[in-house]
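Just query_34.cif here, mmCIF, C-alpha atoms:
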data_run
#
loop_
_atom_site.label_atom_id
_atom_site.label_comp_id
_atom_site.auth_asym_id
_atom_site.auth_seq_id
_atom_site.Cartn_x
_atom_site.Cartn_y
_atom_site.Cartn_z
CA MET A 1 85.22 -45.63 -22.90
CA LYS A 2 82.85 -43.53 -24.98
CA LEU A 3 82.03 -39.96 -24.05
CA ASN A 4 79.63 -39.64 -26.98
CA GLU A 5 76.80 -42.14 -26.67
CA ARG A 6 74.67 -40.95 -29.56
CA GLY A 7 75.40 -42.50 -32.94
CA LEU A 8 76.81 -40.59 -35.87
CA LEU A 9 75.11 -40.01 -39.18
CA ILE A 10 77.80 -40.42 -41.82
CA VAL A 11 76.91 -39.19 -45.28
CA ILE A 12 79.17 -40.52 -48.02
CA SER A 13 78.76 -38.79 -51.32
CA GLY A 14 80.79 -37.68 -54.33
CA PRO A 15 80.60 -37.27 -58.08
CA SER A 16 79.06 -40.06 -60.18
CA GLY A 17 81.64 -42.67 -61.02
CA VAL A 18 83.90 -42.10 -58.02
CA GLY A 19 83.17 -45.52 -56.55
CA LYS A 20 80.88 -44.69 -53.62
CA SER A 21 79.30 -48.10 -53.38
CA SER A 22 82.63 -49.99 -53.51
CA VAL A 23 83.94 -47.86 -50.66
CA ARG A 24 80.75 -48.36 -48.68
CA LYS A 25 81.04 -52.14 -49.15
CA ALA A 26 84.68 -52.06 -48.01
CA LEU A 27 83.62 -50.08 -44.92
CA PHE A 28 81.01 -52.65 -43.98
CA ASP A 29 83.57 -55.44 -44.45
CA MET A 30 85.98 -53.90 -41.94
CA PRO A 31 86.53 -55.85 -38.74
CA GLY A 32 85.07 -54.37 -35.57
CA GLN A 33 82.90 -51.78 -37.30
CA ASP A 34 79.52 -50.89 -35.80
CA LEU A 35 77.94 -49.34 -38.87
CA VAL A 36 74.40 -49.74 -40.11
CA TYR A 37 73.08 -48.89 -43.50
CA SER A 38 69.95 -46.80 -43.72
CA ILE A 39 67.25 -48.53 -45.75
CA SER A 40 65.65 -46.37 -48.41
CA MET A 41 61.98 -46.09 -49.20
CA THR A 42 60.86 -46.39 -52.81
CA THR A 43 57.80 -46.51 -55.01
CA ARG A 44 59.38 -48.84 -57.52
CA LYS A 45 58.18 -52.44 -57.61
CA PRO A 46 60.25 -55.02 -55.70
CA ARG A 47 62.57 -57.00 -57.97
CA ASN A 48 62.90 -60.75 -57.69
CA GLY A 49 64.14 -61.66 -54.21
CA GLU A 50 64.03 -58.13 -52.79
CA LYS A 51 62.54 -58.02 -49.32
CA GLU A 52 60.46 -55.34 -47.61
CA GLY A 53 62.43 -53.71 -44.82
CA VAL A 54 65.66 -55.34 -45.96
CA ASP A 55 66.37 -54.01 -49.43
CA TYR A 56 63.84 -51.20 -49.37
CA TYR A 57 60.64 -50.10 -47.77
CA PHE A 58 58.20 -50.44 -50.65
CA VAL A 59 55.31 -47.96 -50.66
CA THR A 60 52.81 -46.52 -53.08
CA LYS A 61 53.26 -43.24 -54.89
CA GLU A 62 50.45 -41.71 -52.80
CA THR A 63 52.07 -42.73 -49.50
CA PHE A 64 55.45 -41.41 -50.66
CA GLU A 65 54.03 -38.05 -51.73
CA GLU A 66 52.16 -37.75 -48.45
CA LYS A 67 55.44 -38.33 -46.59
CA ILE A 68 57.19 -35.69 -48.69
CA LYS A 69 54.44 -33.24 -47.75
CA ASN A 70 54.87 -34.09 -44.04
CA GLY A 71 58.64 -33.59 -44.17
CA GLU A 72 59.33 -37.22 -43.31
CA PHE A 73 62.40 -37.58 -45.54
CA LEU A 74 65.97 -36.55 -44.90
CA GLU A 75 66.32 -36.51 -48.67
CA TRP A 76 64.42 -37.80 -51.63
CA ALA A 77 64.60 -37.85 -55.41
CA ASN A 78 62.69 -39.05 -58.40
CA PHE A 79 64.59 -41.24 -60.88
CA VAL A 80 62.84 -42.23 -64.11
CA GLY A 81 59.41 -42.06 -62.59
CA ASN A 82 60.16 -43.71 -59.24
CA TYR A 83 60.65 -42.03 -55.90
CA TYR A 84 63.55 -42.94 -53.61
CA GLY A 85 64.09 -41.42 -50.18
CA THR A 86 65.63 -41.74 -46.72
CA PRO A 87 62.98 -41.79 -43.97
CA ARG A 88 64.08 -39.52 -41.13
CA GLU A 89 62.40 -41.44 -38.31
CA LYS A 90 64.32 -44.69 -38.83
CA VAL A 91 67.61 -42.82 -38.95
CA GLU A 92 66.84 -40.93 -35.73
CA GLU A 93 65.92 -44.21 -33.98
CA LEU A 94 69.23 -45.79 -34.97
CA LEU A 95 71.18 -42.71 -33.86
CA ASP A 96 69.41 -42.75 -30.49
CA GLU A 97 70.45 -46.40 -30.09
CA GLY A 98 74.08 -45.31 -30.59
CA MET A 99 74.47 -46.81 -34.06
CA GLN A 100 76.66 -45.29 -36.75
CA VAL A 101 74.30 -44.79 -39.67
CA VAL A 102 75.81 -44.63 -43.13
CA LEU A 103 74.05 -42.94 -46.03
CA GLU A 104 75.67 -43.45 -49.41
CA ILE A 105 73.90 -40.96 -51.62
CA GLU A 106 74.14 -38.61 -54.56
CA VAL A 107 75.41 -35.07 -54.16
CA ASP A 108 71.96 -33.53 -54.42
CA GLY A 109 70.59 -35.79 -51.66
CA ALA A 110 73.57 -35.08 -49.41
CA LEU A 111 72.92 -31.36 -49.61
CA GLN A 112 69.28 -31.98 -48.66
CA VAL A 113 70.45 -33.91 -45.57
CA ARG A 114 72.89 -31.14 -44.66
CA ARG A 115 70.03 -28.69 -44.31
CA GLN A 116 68.25 -30.94 -41.81
CA MET A 117 70.97 -32.74 -39.87
CA LYS A 118 73.44 -30.18 -38.63
CA ASP A 119 75.52 -32.68 -36.65
CA ALA A 120 75.93 -35.27 -39.39
CA VAL A 121 79.38 -35.88 -40.87
CA PHE A 122 79.64 -35.14 -44.58
CA ILE A 123 82.33 -36.94 -46.54
CA PHE A 124 83.03 -36.16 -50.17
CA LEU A 125 84.72 -39.00 -51.99
CA VAL A 126 86.93 -37.86 -54.86
CA PRO A 127 88.90 -39.58 -57.61
CA PRO A 128 92.71 -39.34 -57.51
CA SER A 129 92.56 -37.40 -60.80
CA LYS A 130 90.11 -36.22 -63.42
CA GLU A 131 91.39 -38.88 -65.82
CA ALA A 132 90.64 -41.59 -63.28
CA LEU A 133 87.04 -40.39 -63.06
CA ILE A 134 86.58 -40.23 -66.84
CA ASN A 135 88.12 -43.70 -67.25
CA ARG A 136 85.77 -45.05 -64.61
CA LEU A 137 82.74 -43.52 -66.31
CA LYS A 138 83.91 -44.96 -69.65
CA SER A 139 84.54 -48.43 -68.23
CA ARG A 140 80.93 -48.67 -67.13
CA GLY A 141 80.37 -49.29 -70.84
CA THR A 142 76.91 -49.39 -72.40
CA GLU A 143 76.53 -45.63 -72.84
CA CYS A 144 76.93 -43.89 -76.17
CA ALA A 145 79.28 -40.92 -76.57
CA ASP A 146 76.57 -38.36 -75.84
CA GLU A 147 75.51 -40.08 -72.65
CA LEU A 148 79.14 -40.36 -71.53
CA GLN A 149 79.68 -36.64 -72.15
CA GLU A 150 76.54 -35.90 -70.17
CA ARG A 151 77.81 -37.92 -67.21
CA ILE A 152 81.22 -36.22 -67.39
CA ASP A 153 79.51 -32.81 -67.41
CA LYS A 154 77.42 -33.83 -64.40
CA ALA A 155 80.49 -35.08 -62.52
CA GLU A 156 82.28 -31.81 -63.29
CA LYS A 157 79.48 -29.81 -61.76
CA GLU A 158 79.35 -32.14 -58.76
CA TYR A 159 83.02 -32.09 -57.92
CA LEU A 160 82.83 -28.32 -57.46
CA LEU A 161 80.50 -28.89 -54.51
CA ALA A 162 83.26 -30.47 -52.40
CA TYR A 163 83.55 -27.30 -50.32
CA LYS A 164 80.12 -27.97 -48.82
CA TYR A 165 81.41 -31.12 -47.11
CA ASP A 166 83.37 -31.61 -43.88
CA TYR A 167 85.94 -33.99 -45.33
CA ILE A 168 87.42 -34.78 -48.72
CA VAL A 169 88.58 -38.38 -49.02
CA VAL A 170 90.53 -39.59 -52.05
CA ASN A 171 89.43 -42.94 -53.41
CA ASP A 172 92.89 -43.89 -54.69
CA GLU A 173 92.36 -47.41 -53.42
CA VAL A 174 89.08 -48.67 -51.95
CA ASN A 175 90.56 -49.96 -48.67
CA ASN A 176 92.60 -46.81 -48.12
CA ALA A 177 89.47 -44.73 -48.56
CA ALA A 178 87.55 -46.97 -46.13
CA ASP A 179 90.39 -46.70 -43.58
CA ARG A 180 90.31 -42.93 -43.82
CA ILE A 181 86.56 -42.91 -43.28
CA MET A 182 86.91 -45.13 -40.19
CA ALA A 183 89.48 -42.68 -38.78
CA ILE A 184 87.06 -39.82 -39.43
CA ILE A 185 84.28 -41.65 -37.57
CA ARG A 186 86.55 -42.28 -34.54
CA ALA A 187 87.78 -38.70 -34.55
CA GLU A 188 84.29 -37.23 -34.86
CA HIS A 189 83.18 -39.15 -31.77
CA ALA A 190 85.87 -37.29 -29.81
CA ARG A 191 84.98 -33.81 -31.04
CA THR A 192 84.40 -31.44 -28.16
CA GLU A 193 80.86 -30.51 -29.16
CA ARG A 194 79.89 -34.20 -28.99
CA THR A 195 81.73 -35.03 -25.75
CA ILE A 196 81.76 -31.99 -23.48
CA HIS A 197 78.33 -32.60 -21.99
CA LYS A 198 79.04 -36.14 -20.81
CA TYR A 199 82.56 -35.16 -19.75
CA VAL A 200 81.34 -32.39 -17.45
CA GLU A 201 78.79 -34.79 -15.93
CA LEU A 202 81.57 -37.29 -15.33
CA MET A 203 83.83 -34.78 -13.62
CA GLU A 204 80.99 -33.57 -11.47
CA GLY A 205 80.43 -37.17 -10.41
CA LYS A 206 76.92 -37.48 -11.89
CA MET B 207 97.64 -40.15 -51.67
CA LYS B 208 97.75 -36.99 -49.59
CA LEU B 209 95.71 -33.94 -50.50
CA ASN B 210 97.12 -31.98 -47.56
CA GLU B 211 100.87 -31.64 -47.89
CA ARG B 212 101.47 -29.29 -44.99
CA GLY B 213 102.12 -30.89 -41.63
CA LEU B 214 99.76 -30.63 -38.68
CA LEU B 215 100.50 -29.01 -35.37
CA ILE B 216 98.98 -31.28 -32.74
CA VAL B 217 98.70 -29.82 -29.26
CA ILE B 218 98.14 -32.39 -26.54
CA SER B 219 97.16 -30.92 -23.22
CA GLY B 220 94.97 -31.67 -20.24
CA PRO B 221 94.84 -31.26 -16.46
CA SER B 222 97.94 -32.07 -14.36
CA GLY B 223 98.09 -35.76 -13.57
CA VAL B 224 96.08 -36.99 -16.57
CA GLY B 225 99.07 -38.79 -18.08
CA LYS B 226 100.02 -36.53 -20.99
CA SER B 227 103.60 -37.73 -21.23
CA SER B 228 102.70 -41.45 -21.13
CA VAL B 229 100.23 -40.92 -23.97
CA ARG B 230 102.78 -38.91 -25.93
CA LYS B 231 105.33 -41.72 -25.51
CA ALA B 232 102.78 -44.32 -26.65
CA LEU B 233 102.04 -42.17 -29.71
CA PHE B 234 105.70 -42.02 -30.67
CA ASP B 235 105.99 -45.79 -30.23
CA MET B 236 103.19 -46.47 -32.73
CA PRO B 237 104.23 -48.19 -35.95
CA GLY B 238 104.16 -46.09 -39.11
CA GLN B 239 103.76 -42.75 -37.35
CA ASP B 240 105.42 -39.66 -38.85
CA LEU B 241 105.38 -37.47 -35.76
CA VAL B 242 108.08 -35.16 -34.50
CA TYR B 243 108.39 -33.63 -31.10
CA SER B 244 109.02 -29.92 -30.87
CA ILE B 245 112.14 -29.15 -28.83
CA SER B 246 111.67 -26.51 -26.16
CA MET B 247 113.97 -23.64 -25.36
CA THR B 248 114.97 -23.06 -21.75
CA THR B 249 117.17 -20.92 -19.55
CA ARG B 250 117.82 -23.67 -17.04
CA LYS B 251 121.26 -25.27 -16.99
CA PRO B 252 121.72 -28.54 -18.90
CA ARG B 253 121.58 -31.58 -16.65
CA ASN B 254 124.09 -34.38 -16.95
CA GLY B 255 123.88 -35.92 -20.42
CA GLU B 256 121.38 -33.41 -21.85
CA LYS B 257 122.32 -32.23 -25.33
CA GLU B 258 121.80 -28.86 -26.99
CA GLY B 259 119.21 -29.18 -29.78
CA VAL B 260 118.19 -32.66 -28.66
CA ASP B 261 116.76 -32.29 -25.16
CA TYR B 262 116.42 -28.50 -25.23
CA TYR B 263 117.81 -25.41 -26.81
CA PHE B 264 119.73 -23.87 -23.93
CA VAL B 265 119.91 -20.08 -23.92
CA THR B 266 120.60 -17.27 -21.48
CA LYS B 267 117.90 -15.37 -19.66
CA GLU B 268 118.70 -12.28 -21.73
CA THR B 269 118.32 -14.14 -25.03
CA PHE B 270 115.03 -15.70 -23.88
CA GLU B 271 113.55 -12.38 -22.78
CA GLU B 272 114.63 -10.78 -26.05
CA LYS B 273 112.80 -13.56 -27.92
CA ILE B 274 109.66 -13.05 -25.80
CA LYS B 275 109.76 -9.37 -26.72
CA ASN B 276 110.09 -10.24 -30.43
CA GLY B 277 107.14 -12.65 -30.28
CA GLU B 278 109.31 -15.64 -31.19
CA PHE B 279 107.48 -18.12 -28.96
CA LEU B 280 104.28 -20.01 -29.59
CA GLU B 281 104.02 -20.27 -25.83
CA TRP B 282 106.29 -19.75 -22.87
CA ALA B 283 106.21 -19.94 -19.09
CA ASN B 284 108.41 -19.40 -16.09
CA PHE B 285 108.71 -22.29 -13.63
CA VAL B 286 110.65 -21.72 -10.41
CA GLY B 287 112.85 -19.06 -11.93
CA ASN B 288 113.53 -20.74 -15.29
CA TYR B 289 111.95 -19.95 -18.62
CA TYR B 290 110.61 -22.66 -20.93
CA GLY B 291 109.13 -21.99 -24.34
CA THR B 292 108.31 -23.33 -27.80
CA PRO B 293 110.14 -21.42 -30.56
CA ARG B 294 107.73 -20.65 -33.37
CA GLU B 295 110.25 -20.72 -36.22
CA LYS B 296 111.30 -24.36 -35.72
CA VAL B 297 107.68 -25.48 -35.60
CA GLU B 298 106.84 -23.61 -38.81
CA GLU B 299 109.84 -25.17 -40.59
CA LEU B 300 108.74 -28.67 -39.62
CA LEU B 301 105.15 -27.99 -40.72
CA ASP B 302 106.38 -26.69 -44.08
CA GLU B 303 108.34 -29.95 -44.49
CA GLY B 304 105.05 -31.84 -43.99
CA MET B 305 105.90 -33.19 -40.53
CA GLN B 306 103.30 -33.76 -37.83
CA VAL B 307 104.55 -31.70 -34.91
CA VAL B 308 103.41 -32.72 -31.45
CA LEU B 309 103.41 -30.30 -28.53
CA GLU B 310 102.68 -31.85 -25.16
CA ILE B 311 102.08 -28.88 -22.93
CA GLU B 312 100.22 -27.47 -19.95
CA VAL B 313 96.76 -25.95 -20.36
CA ASP B 314 98.00 -22.39 -20.07
CA GLY B 315 100.58 -22.93 -22.83
CA ALA B 316 98.02 -24.60 -25.10
CA LEU B 317 95.76 -21.58 -24.88
CA GLN B 318 98.69 -19.34 -25.82
CA VAL B 319 99.29 -21.50 -28.92
CA ARG B 320 95.60 -21.37 -29.82
CA ARG B 321 95.77 -17.59 -30.14
CA GLN B 322 98.63 -17.82 -32.65
CA MET B 323 98.05 -21.02 -34.61
CA LYS B 324 94.49 -21.08 -35.86
CA ASP B 325 94.88 -24.28 -37.85
CA ALA B 326 96.50 -26.37 -35.12
CA VAL B 327 94.59 -29.32 -33.66
CA PHE B 328 93.87 -29.03 -29.94
CA ILE B 329 93.35 -32.24 -28.01
CA PHE B 330 92.32 -32.25 -24.37
CA LEU B 331 93.26 -35.43 -22.57
CA VAL B 332 90.91 -36.28 -19.70
CA PRO B 333 90.82 -38.92 -16.97
CA PRO B 334 88.03 -41.53 -17.07
CA SER B 335 86.73 -40.08 -13.77
CA LYS B 336 87.58 -37.52 -11.15
CA GLU B 337 88.63 -40.28 -8.74
CA ALA B 338 91.10 -41.59 -11.31
CA LEU B 339 92.70 -38.14 -11.52
CA ILE B 340 92.93 -37.73 -7.74
CA ASN B 341 94.39 -41.21 -7.35
CA ARG B 342 96.97 -40.42 -9.97
CA LEU B 343 97.94 -37.18 -8.28
CA LYS B 344 98.20 -39.04 -4.94
CA SER B 345 100.28 -41.88 -6.38
CA ARG B 346 102.94 -39.41 -7.47
CA GLY B 347 103.75 -39.43 -3.77
CA THR B 348 106.23 -37.02 -2.22
CA GLU B 349 103.77 -34.16 -1.79
CA CYS B 350 102.26 -33.26 1.57
CA ALA B 351 98.48 -32.94 2.01
CA ASP B 352 98.50 -29.20 1.29
CA GLU B 353 100.44 -29.61 -1.94
CA LEU B 354 98.15 -32.42 -3.04
CA GLN B 355 95.08 -30.26 -2.38
CA GLU B 356 96.69 -27.45 -4.37
CA ARG B 357 97.26 -29.77 -7.35
CA ILE B 358 93.69 -31.06 -7.15
CA ASP B 359 92.38 -27.48 -7.10
CA LYS B 360 94.55 -26.65 -10.12
CA ALA B 361 93.34 -29.72 -12.01
CA GLU B 362 89.73 -28.79 -11.20
CA LYS B 363 90.20 -25.37 -12.74
CA GLU B 364 91.96 -26.85 -15.76
CA TYR B 365 89.40 -29.47 -16.58
CA LEU B 366 86.79 -26.76 -17.04
CA LEU B 367 88.79 -25.43 -19.99
CA ALA B 368 88.03 -28.50 -22.11
CA TYR B 369 85.51 -26.54 -24.16
CA LYS B 370 88.35 -24.49 -25.66
CA TYR B 371 89.75 -27.58 -27.40
CA ASP B 372 88.76 -29.32 -30.64
CA TYR B 373 88.73 -32.84 -29.21
CA ILE B 374 88.30 -34.49 -25.83
CA VAL B 375 90.13 -37.80 -25.55
CA VAL B 376 89.69 -40.07 -22.53
CA ASN B 377 92.90 -41.56 -21.19
CA ASP B 378 91.23 -44.72 -19.93
CA GLU B 379 94.14 -46.76 -21.23
CA VAL B 380 97.30 -45.23 -22.69
CA ASN B 381 97.23 -47.17 -25.99
CA ASN B 382 93.53 -46.48 -26.52
CA ALA B 383 94.16 -42.78 -26.06
CA ALA B 384 97.10 -42.90 -28.50
CA ASP B 385 94.95 -44.78 -31.05
CA ARG B 386 92.26 -42.12 -30.79
CA ILE B 387 94.80 -39.38 -31.32
CA MET B 388 96.18 -41.14 -34.42
CA ALA B 389 92.62 -41.32 -35.82
CA ILE B 390 92.20 -37.60 -35.13
CA ILE B 391 95.43 -36.82 -37.01
CA ARG B 392 94.33 -38.88 -40.03
CA ALA B 393 90.87 -37.33 -40.02
CA GLU B 394 92.18 -33.78 -39.69
CA HIS B 395 94.33 -34.27 -42.79
CA ALA B 396 91.14 -34.95 -44.74
CA ARG B 397 89.23 -31.91 -43.48
CA THR B 398 87.89 -29.85 -46.34
CA GLU B 399 89.64 -26.63 -45.32
CA ARG B 400 92.98 -28.47 -45.53
CA THR B 401 92.32 -30.36 -48.77
CA ILE B 402 90.08 -28.30 -51.03
CA HIS B 403 92.86 -26.18 -52.50
CA LYS B 404 94.95 -29.12 -53.69
CA TYR B 405 91.85 -31.01 -54.79
CA VAL B 406 90.64 -28.21 -57.05
CA GLU B 407 94.14 -27.97 -58.58
CA LEU B 408 94.05 -31.71 -59.20
CA MET B 409 90.66 -31.60 -60.90
CA GLU B 410 91.71 -28.69 -63.04
CA GLY B 411 94.71 -30.74 -64.13
CA LYS B 412 97.35 -28.41 -62.66
#
Take the structure in the file and write it out as structure tokens.
Amino acid sequence: MKLNERGLLIVISGPSGVGKSSVRKALFDMPGQDLVYSISMTTRKPRNGEKEGVDYYFVTKETFEEKIKNGEFLEWANFVGNYYGTPREKVEELLDEGMQVVLEIEVDGALQVRRQMKDAVFIFLVPPSKEALINRLKSRGTECADELQERIDKAEKEYLLAYKYDYIVVNDEVNNAADRIMAIIRAEHARTERTIHKYVELMEGK
Amino acid sequence: MKLNERGLLIVISGPSGVGKSSVRKALFDMPGQDLVYSISMTTRKPRNGEKEGVDYYFVTKETFEEKIKNGEFLEWANFVGNYYGTPREKVEELLDEGMQVVLEIEVDGALQVRRQMKDAVFIFLVPPSKEALINRLKSRGTECADELQERIDKAEKEYLLAYKYDYIVVNDEVNNAADRIMAIIRAEHARTERTIHKYVELMEGK
């Protein structure tokens, strides 16, 4: 029996290289979960096989900038000339339907969401050690030494922002991290500020 | 991997008749749990088979009142001429050892603990409906109509105190309620205020 009928917005973030997308995939593979993934909007061209409304909402630069001006994004960013953002309206619709909406985003985007969605749950994924993070960044290969150093510097700045989140979850093992996040989602549904309203109604026989 | 090494104090409370002790028993029967039950101190005489330091700490009235004066209890009460209380020192020792200490207590006691233990987790167990609570109180039998009405009135006052707790958990089914509480315990261990200190140490290589 659920006292909180509205869905939760769960923001999963953390320093680059911590393994956000592996954890998100593990979450969505868990049995009995009722999570949905928010679909981003972008101005970049669809790649082969990508579908509108499935992989992304594809829009023009003009449309995107208009939406920025109208405050229609929970967060947005520009990467190498393309905009990416999370449309607020879709997220609100899903929350109203009682869905658990997962955003897996960069630290900067998460802090943008925090300013707008006071009742979202902010989870900061961290590596089990600094070495683990550096090894992970290295193993991604391709980059030259300068680029690697740049990514390490970025991660070092990002990990200091952990205090702005509600929870710190160690990604020591992907399934452990996903389990911890599922426990957080269950617990958050029981928090008094999310349940008291319905509970009082229930006890007053409404 | 645990970022929070200190144990949690988990206070389970709720209106009379909600089924606190059944839920507590179900919790302690769960596989893989690391919970301990805090042993109360009392001035009542040991019953047949009750053991000092196992069922209760048995002390004299004078000793108990001395301890009240010295602020040695997290909470205490007097029921029909006997004192019952939770000694603070034992609880602190268990928390320092990293144990999860469960207190299953009345609403009045829980609010006493709240004033002293700011980082404890307060869970309010509620019935799925008012009828369910009344039926439960009735099914305990023995009481006459007046006594039953008195218990219902007490429960009605108590259920209004839910807003003073961190979580509201519905006892629709004992094992569901226990599951929810286990999720809350896991989630609370990941809360930023409990993990940030150790996490920063870790990232600074200490």
Practice task
Kindly determine which residues of chain B lie within 10 Å of chain A, considering only C-alpha atoms, and give the answer as a PyMOL selection string.
Solution key: chain B and resi 207-209+328-330+332-337+339+362+365-366+368-379+382-383+385-403+405-411
Exercise for the section: I need the residue set behind the PyMOL selection byres ((chain B and resi 226) around 12) for this file; please write it as a PyMOL selection string. Expected result: chain B and resi 217-225+227-233+308-313+329-333+375-377+379-380+383-384+387
Handout entry: Point-to-point distance in Å for atom CA of A:Asn70 and atom CA of A:Val54
Key = 23.9 Å
Problem - Selection: 12 Å around A:Ala77, all atoms listed in the file, excl. self and same-chain fewer than 3 positions, as an MDAnalysis selection string - result: chainID A and resid 40:43 64:65 68 73:74 80:86 105:110 112
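Atom CA of B:Val307 sits 11.3 Å away from atom CA of B:Gln239.
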Exercise for the section: Can you pull out every residue within 12 Å of B:Gly259, counting all atoms listed in the file, but drop anything in the same chain fewer than 2 positions away, and send it as an MDAnalysis selection string? Expected result: chainID B and resid 243:248 252 256:257 261:265 293 296
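Among the candidates A:Asn4, A:Asn175, A:Asn78, A:Asn48, the residue lying nearest to A:Met30 is A:Asn175 (atoms considered: all atoms listed in the file).
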Practice task
Quick one: pull the distance between atom CA of B:Gly277 and atom CA of B:Arg320, Å, one decimal.
Solution key: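 Computing the Euclidean distance for atom CA of B:Gly277 and atom CA of B:Arg320 yields 14.5 Å.
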Problem - Selection dump of the PyMOL selection byres ((chain A and resi 151) around 12), as a ChimeraX atom specification - result: /A:15-18,133-138,140,143-150,152-158
Problem - Explicit residue set for the PyMOL selection byres ((chain B and resi 325) around 9), as a ChimeraX atom specification - result: /B:214-215,320,323-324,326-327,400
Saved selection, atoms kept: C-alpha atoms, as a tab-separated table (two decimals), in the coordinates of the input:
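Below you can see result-v4.tsv, which holds the result:
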chain	number	residue	atom	x	y	z
B	214	LEU	CA	99.76	-30.63	-38.68
B	215	LEU	CA	100.50	-29.01	-35.37
B	320	ARG	CA	95.60	-21.37	-29.82
B	323	MET	CA	98.05	-21.02	-34.61
B	324	LYS	CA	94.49	-21.08	-35.86
B	326	ALA	CA	96.50	-26.37	-35.12
B	327	VAL	CA	94.59	-29.32	-33.66
B	400	ARG	CA	92.98	-28.47	-45.53
Complete stretch 11-28 of chain A with N, CA and C atoms (output as a PDB file, in the coordinates of the input).
ATOM      1  N   VAL A  11      77.414 -39.312 -43.919  1.00  0.00           N
ATOM      2  CA  VAL A  11      76.910 -39.190 -45.280  1.00  0.00           C
ATOM      3  C   VAL A  11      78.091 -39.277 -46.243  1.00  0.00           C
ATOM      4  N   ILE A  12      78.094 -40.330 -47.045  1.00  0.00           N
ATOM      5  CA  ILE A  12      79.170 -40.520 -48.020  1.00  0.00           C
ATOM      6  C   ILE A  12      78.616 -40.187 -49.391  1.00  0.00           C
ATOM      7  N   SER A  13      79.233 -39.216 -50.027  1.00  0.00           N
ATOM      8  CA  SER A  13      78.760 -38.790 -51.320  1.00  0.00           C
ATOM      9  C   SER A  13      79.958 -38.506 -52.221  1.00  0.00           C
ATOM     10  N   GLY A  14      79.710 -37.967 -53.386  1.00  0.00           N
ATOM     11  CA  GLY A  14      80.790 -37.680 -54.330  1.00  0.00           C
ATOM     12  C   GLY A  14      80.268 -37.750 -55.739  1.00  0.00           C
ATOM     13  N   PRO A  15      81.061 -37.286 -56.699  1.00  0.00           N
ATOM     14  CA  PRO A  15      80.600 -37.270 -58.080  1.00  0.00           C
ATOM     15  C   PRO A  15      80.279 -38.681 -58.600  1.00  0.00           C
ATOM     16  N   SER A  16      79.367 -38.768 -59.558  1.00  0.00           N
ATOM     17  CA  SER A  16      79.060 -40.060 -60.180  1.00  0.00           C
ATOM     18  C   SER A  16      80.350 -40.684 -60.706  1.00  0.00           C
ATOM     19  N   GLY A  17      80.494 -41.971 -60.457  1.00  0.00           N
ATOM     20  CA  GLY A  17      81.640 -42.670 -61.020  1.00  0.00           C
ATOM     21  C   GLY A  17      82.836 -42.735 -60.089  1.00  0.00           C
ATOM     22  N   VAL A  18      82.730 -42.146 -58.905  1.00  0.00           N
ATOM     23  CA  VAL A  18      83.900 -42.100 -58.020  1.00  0.00           C
ATOM     24  C   VAL A  18      84.095 -43.410 -57.261  1.00  0.00           C
ATOM     25  N   GLY A  19      83.031 -44.225 -57.232  1.00  0.00           N
ATOM     26  CA  GLY A  19      83.170 -45.520 -56.550  1.00  0.00           C
ATOM     27  C   GLY A  19      82.583 -45.538 -55.147  1.00  0.00           C
ATOM     28  N   LYS A  20      81.507 -44.777 -54.944  1.00  0.00           N
ATOM     29  CA  LYS A  20      80.880 -44.690 -53.620  1.00  0.00           C
ATOM     30  C   LYS A  20      80.479 -46.055 -53.075  1.00  0.00           C
ATOM     31  N   SER A  21      79.842 -46.865 -53.945  1.00  0.00           N
ATOM     32  CA  SER A  21      79.300 -48.100 -53.380  1.00  0.00           C
ATOM     33  C   SER A  21      80.408 -49.111 -53.082  1.00  0.00           C
ATOM     34  N   SER A  22      81.503 -49.107 -53.840  1.00  0.00           N
ATOM     35  CA  SER A  22      82.630 -49.990 -53.510  1.00  0.00           C
ATOM     36  C   SER A  22      83.230 -49.605 -52.163  1.00  0.00           C
ATOM     37  N   VAL A  23      83.364 -48.315 -51.928  1.00  0.00           N
ATOM     38  CA  VAL A  23      83.940 -47.860 -50.660  1.00  0.00           C
ATOM     39  C   VAL A  23      83.003 -48.216 -49.507  1.00  0.00           C
ATOM     40  N   ARG A  24      81.711 -48.030 -49.731  1.00  0.00           N
ATOM     41  CA  ARG A  24      80.750 -48.360 -48.680  1.00  0.00           C
ATOM     42  C   ARG A  24      80.819 -49.852 -48.357  1.00  0.00           C
ATOM     43  N   LYS A  25      80.928 -50.690 -49.394  1.00  0.00           N
ATOM     44  CA  LYS A  25      81.040 -52.140 -49.150  1.00  0.00           C
ATOM     45  C   LYS A  25      82.301 -52.454 -48.359  1.00  0.00           C
ATOM     46  N   ALA A  26      83.411 -51.826 -48.725  1.00  0.00           N
ATOM     47  CA  ALA A  26      84.680 -52.060 -48.010  1.00  0.00           C
ATOM     48  C   ALA A  26      84.554 -51.649 -46.537  1.00  0.00           C
ATOM     49  N   LEU A  27      83.847 -50.546 -46.303  1.00  0.00           N
ATOM     50  CA  LEU A  27      83.620 -50.080 -44.920  1.00  0.00           C
ATOM     51  C   LEU A  27      82.896 -51.137 -44.110  1.00  0.00           C
ATOM     52  N   PHE A  28      81.836 -51.680 -44.699  1.00  0.00           N
ATOM     53  CA  PHE A  28      81.010 -52.650 -43.980  1.00  0.00           C
ATOM     54  C   PHE A  28      81.726 -53.991 -43.815  1.00  0.00           C
TER      55      PHE A  28
END
